[in-house]
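Peer 1: Handing you a structure now.
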Amino acid sequence: MPHLLSLIREDISNVMEHDPAAKSRFEVFLCYSGLHAVWSYRINHWFWNRRFFLIGRFFSQFARWLTGIEIHPGAKIGRRLFIDHGMGVVIGETSIVGDDVTLYQGVTLGGTGKEHGKRHPTLEDNVVVGGGAKILGNIIVGKNCRIGAGSVVLRNVPENSTVVGVPGHIIFREGKRVVITDPKQINDPLSEALASVATEVHKLRDRVQRLEGSEVHHEPVHPSLQAIMDDLDYQI
């Protein structure tokens, strides 16, 4: 119990430090459902670890009804997890969440099928996940990563990266912008389709020029189109 009380104080201090909307510790204690869900998880996890599975699951369901946040008691969660607003957040049974992680509303740490064993994501320390993002499967999101709102992450993410999109792709790594210009490295279905269309157009242009008996040459790309191409982030 003393350890739980110290975690509660630490969680409240963490919110006061990171959330400008928090006006007082008493307000945080009474009104932040994300903290209520985490505190309930701590108790339910204690039951789960002592093989009181039904009790842990029952009270986790009660916490879900009360807060709108579902945290399976079997998950492993570090210190100072901050679930901001929190409605609709789901953390699966084999998820692992490190220290100083922030999750916004609608985030899912879920599985991708009926496999057994480790089937949910691992979030290392100091990860921030934007609203509505889905991180699925037994993957690892490295330290200090940022996952953009609405992204769907299906593969490992290296440390110090920023991920956006569906499927999620890295746009920043180690503070530097990531751009892939080789179409062979594109895995996003839409981008791959666009690259294929561009290749076919290029072939057709060459064929038409040969049929007309003119020398094959490539016209320069219009500056406005070139600017768009230069700024394009490819899936990696």
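All residue names refer to the structure tokens as shown: chains lettered A, B, ... in order, residues numbered from 1 in each chain, ligands numbered from 1 in order.
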Using DSSP assignments from the backbone, pull out every residue in segment 36-178 of chain A that falls under strand (DSSP E or B) and give it to me as a PyMOL selection string.
Peer 2: chain A and resi 70-71+76-77+82-83+90-91+96-97+102-103+108-110+122-123+128-129+134-136+140-141+146-147+152-153+157+161-164+169-173+176-177
Peer 1: Quick one: everything within 12 Å of Leu54 of chain A, counting only C-alpha atoms, minus sequence neighbours fewer than 3 positions away in the same chain. Send it as a list in words.
Peer 2: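 Contacts, with the query itself left out: Asn44, His45, Phe47, Trp48, Asn49, Arg50, Arg51, Arg57, Phe58, Phe59, Ser60, Gln61, His72, Pro73 and Gly74 of chain A.
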Peer 1: Keeping only N, CA, C and O atoms, write the selected residues as a compact mmCIF listing (two decimals), in the first residue's frame.
Peer 2:
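This is the output file selection.txt:
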# COMPACT_ATOMS: atom_id res chain seq x y z
N ASN A 44 -5.49 -4.39 -10.03
CA ASN A 44 -5.88 -5.58 -10.78
C ASN A 44 -4.67 -6.41 -11.20
O ASN A 44 -4.72 -7.65 -11.23
N HIS A 45 -3.58 -5.75 -11.52
CA HIS A 45 -2.35 -6.44 -11.90
C HIS A 45 -1.79 -7.23 -10.71
O HIS A 45 -1.23 -8.32 -10.88
N PHE A 47 -3.60 -8.65 -8.37
CA PHE A 47 -4.41 -9.88 -8.33
C PHE A 47 -3.99 -10.85 -9.44
O PHE A 47 -3.87 -12.06 -9.22
N TRP A 48 -3.76 -10.33 -10.63
CA TRP A 48 -3.41 -11.16 -11.77
C TRP A 48 -2.10 -11.92 -11.52
O TRP A 48 -1.98 -13.11 -11.81
N ASN A 49 -1.13 -11.22 -10.98
CA ASN A 49 0.17 -11.85 -10.72
C ASN A 49 0.09 -12.93 -9.66
O ASN A 49 0.97 -13.80 -9.60
N ARG A 50 -0.93 -12.86 -8.82
CA ARG A 50 -1.12 -13.88 -7.78
C ARG A 50 -2.16 -14.92 -8.20
O ARG A 50 -2.70 -15.63 -7.37
N ARG A 51 -2.44 -14.95 -9.51
CA ARG A 51 -3.29 -15.95 -10.15
C ARG A 51 -4.76 -15.86 -9.74
O ARG A 51 -5.51 -16.81 -9.90
N ARG A 57 -9.80 -9.63 -13.75
CA ARG A 57 -10.58 -9.31 -14.94
C ARG A 57 -11.89 -8.62 -14.59
O ARG A 57 -12.33 -7.69 -15.28
N PHE A 58 -12.53 -9.06 -13.51
CA PHE A 58 -13.80 -8.47 -13.13
C PHE A 58 -13.63 -6.99 -12.79
O PHE A 58 -14.39 -6.13 -13.27
N PHE A 59 -12.63 -6.68 -11.99
CA PHE A 59 -12.44 -5.28 -11.60
C PHE A 59 -11.89 -4.44 -12.75
O PHE A 59 -12.11 -3.22 -12.78
N SER A 60 -11.18 -5.08 -13.69
CA SER A 60 -10.75 -4.32 -14.86
C SER A 60 -11.95 -3.95 -15.72
O SER A 60 -11.98 -2.86 -16.33
N GLN A 61 -12.95 -4.82 -15.78
CA GLN A 61 -14.17 -4.50 -16.51
C GLN A 61 -14.93 -3.36 -15.82
O GLN A 61 -15.50 -2.50 -16.49
N HIS A 72 -5.92 -4.40 -19.76
CA HIS A 72 -5.94 -5.79 -19.30
C HIS A 72 -5.00 -5.93 -18.11
O HIS A 72 -3.87 -5.40 -18.12
N PRO A 73 -5.43 -6.62 -17.05
CA PRO A 73 -4.57 -6.74 -15.86
C PRO A 73 -3.28 -7.50 -16.11
O PRO A 73 -2.35 -7.43 -15.30
N GLY A 74 -3.19 -8.23 -17.23
CA GLY A 74 -1.96 -8.95 -17.53
C GLY A 74 -0.89 -8.10 -18.19
O GLY A 74 0.26 -8.54 -18.32
Peer 1: Which distance in Å separates atom CA of Ile147 of chain A and atom CA of Val101 of chain A, to one decimal?
Peer 2: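 Answer for the atom CA of Ile147 of chain A to atom CA of Val101 of chain A separation: 11.5 Å.
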Peer 1: By how many Å are atom CA of Asn160 of chain A and atom CA of Ile96 of chain A apart?
Peer 2: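 Computing it gives 18.3 Å between the two atoms.
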Peer 1: Using only C-alpha atoms, I'd like a table of the residues in segment 95-188 of chain A that come within 10 Å of segment 32-41 of chain A; for each, show the closest atom pair and its distance in Å rounded to one decimal, ordered by chain and ascending number, as a Markdown table.
Peer 2:
| residue | atom | partner | partner_atom | distance |
| --- | --- | --- | --- | --- |
| A:Leu103 | CA | A:Gly34 | CA | 9.2 |
| A:Tyr104 | CA | A:Gly34 | CA | 9.4 |
| A:Gln105 | CA | A:Gly34 | CA | 9.4 |
Peer 1: Quick one: residues within 6 Å of segment 110-117 of chain A, only C-alpha atoms counted, chain neighbours fewer than 5 positions away excluded, as an MDAnalysis selection string?
Peer 2: chainID A and resid 92 136:137
Peer 1: List as a VMD selection string the protein and nucleic acid residues near Val164 of chain A, meaning an atom at most 9 Å away when only C-alpha atoms are counted, but skip any in the same chain fewer than 3 places from it.
Peer 2: chain A and resid 146 to 153 167 to 171
Peer 1: Atoms to include: N, CA, C and O atoms. Write the selected residues as a PDB file, in the first residue's frame.
Peer 2:
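Generated output (result-v3.pdb):
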ATOM      1  N   ARG A 146       7.582   9.173 -31.497  1.00  0.00           N
ATOM      2  CA  ARG A 146       6.318   9.877 -31.575  1.00  0.00           C
ATOM      3  C   ARG A 146       5.477   9.215 -32.669  1.00  0.00           C
ATOM      4  O   ARG A 146       5.928   9.078 -33.806  1.00  0.00           O
ATOM      5  N   ILE A 147       4.246   8.812 -32.299  1.00  0.00           N
ATOM      6  CA  ILE A 147       3.331   8.186 -33.253  1.00  0.00           C
ATOM      7  C   ILE A 147       2.202   9.177 -33.527  1.00  0.00           C
ATOM      8  O   ILE A 147       1.478   9.575 -32.608  1.00  0.00           O
ATOM      9  N   GLY A 148       2.045   9.571 -34.772  1.00  0.00           N
ATOM     10  CA  GLY A 148       1.059  10.581 -35.130  1.00  0.00           C
ATOM     11  C   GLY A 148      -0.374  10.096 -34.960  1.00  0.00           C
ATOM     12  O   GLY A 148      -0.670   8.901 -35.027  1.00  0.00           O
ATOM     13  N   ALA A 149      -1.278  11.050 -34.761  1.00  0.00           N
ATOM     14  CA  ALA A 149      -2.693  10.733 -34.581  1.00  0.00           C
ATOM     15  C   ALA A 149      -3.240   9.996 -35.797  1.00  0.00           C
ATOM     16  O   ALA A 149      -2.961  10.355 -36.944  1.00  0.00           O
ATOM     17  N   GLY A 150      -4.001   8.917 -35.541  1.00  0.00           N
ATOM     18  CA  GLY A 150      -4.630   8.158 -36.608  1.00  0.00           C
ATOM     19  C   GLY A 150      -3.720   7.188 -37.337  1.00  0.00           C
ATOM     20  O   GLY A 150      -4.175   6.519 -38.272  1.00  0.00           O
ATOM     21  N   SER A 151      -2.472   7.086 -36.942  1.00  0.00           N
ATOM     22  CA  SER A 151      -1.545   6.185 -37.625  1.00  0.00           C
ATOM     23  C   SER A 151      -1.847   4.734 -37.279  1.00  0.00           C
ATOM     24  O   SER A 151      -2.403   4.429 -36.220  1.00  0.00           O
ATOM     25  N   VAL A 152      -1.454   3.833 -38.182  1.00  0.00           N
ATOM     26  CA  VAL A 152      -1.562   2.394 -37.944  1.00  0.00           C
ATOM     27  C   VAL A 152      -0.157   1.815 -38.082  1.00  0.00           C
ATOM     28  O   VAL A 152       0.404   1.792 -39.178  1.00  0.00           O
ATOM     29  N   VAL A 153       0.408   1.371 -36.969  1.00  0.00           N
ATOM     30  CA  VAL A 153       1.793   0.908 -36.936  1.00  0.00           C
ATOM     31  C   VAL A 153       1.792  -0.618 -36.871  1.00  0.00           C
ATOM     32  O   VAL A 153       1.213  -1.206 -35.949  1.00  0.00           O
ATOM     33  N   PRO A 167      -0.391   2.579 -43.984  1.00  0.00           N
ATOM     34  CA  PRO A 167       0.302   2.107 -42.784  1.00  0.00           C
ATOM     35  C   PRO A 167       1.354   3.113 -42.330  1.00  0.00           C
ATOM     36  O   PRO A 167       1.812   3.934 -43.122  1.00  0.00           O
ATOM     37  N   GLY A 168       1.723   3.046 -41.069  1.00  0.00           N
ATOM     38  CA  GLY A 168       2.650   4.015 -40.515  1.00  0.00           C
ATOM     39  C   GLY A 168       4.017   3.973 -41.182  1.00  0.00           C
ATOM     40  O   GLY A 168       4.545   2.908 -41.475  1.00  0.00           O
ATOM     41  N   HIS A 169       4.574   5.150 -41.443  1.00  0.00           N
ATOM     42  CA  HIS A 169       5.926   5.233 -41.989  1.00  0.00           C
ATOM     43  C   HIS A 169       6.684   6.344 -41.275  1.00  0.00           C
ATOM     44  O   HIS A 169       6.109   7.297 -40.770  1.00  0.00           O
ATOM     45  N   ILE A 170       7.979   6.212 -41.241  1.00  0.00           N
ATOM     46  CA  ILE A 170       8.826   7.144 -40.500  1.00  0.00           C
ATOM     47  C   ILE A 170       9.073   8.384 -41.346  1.00  0.00           C
ATOM     48  O   ILE A 170       9.470   8.291 -42.516  1.00  0.00           O
ATOM     49  N   ILE A 171       8.855   9.559 -40.766  1.00  0.00           N
ATOM     50  CA  ILE A 171       9.161  10.806 -41.471  1.00  0.00           C
ATOM     51  C   ILE A 171      10.348  11.528 -40.835  1.00  0.00           C
ATOM     52  O   ILE A 171      10.960  12.379 -41.478  1.00  0.00           O
TER      53      ILE A 171
END
Peer 1: Enumerate as a ChimeraX atom specification all residues of segment 4-236 of chain A assigned to helix (DSSP H, G or I) by DSSP on the backbone, naming them with the chain letters and numbers the document uses.
Peer 2: /A:4-18,25-31,33-49,53-67,183-185,189-211,223-230
Peer 1: What is the atom CA of Val129 of chain A-atom CA of Phe53 of chain A distance in Å, reported with one decimal?
Peer 2: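 Those two atoms sit 28.9 Å apart.
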Peer 1: Quick one: residues within 8 Å of Asn156 of chain A, only C-alpha atoms counted, chain neighbours fewer than 6 positions away excluded, as a VMD selection string?
Peer 2: chain A and resid 139 to 142
Peer 1: Quick one: of A:Ile135, A:Val163, A:Ile83, A:Leu154, who's nearest to Asp11 of chain A, counting only C-alpha atoms?
Peer 2: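 Ranking A:Ile135, A:Val163, A:Ile83, A:Leu154 by distance to Asp11 of chain A, first place goes to A:Ile83.
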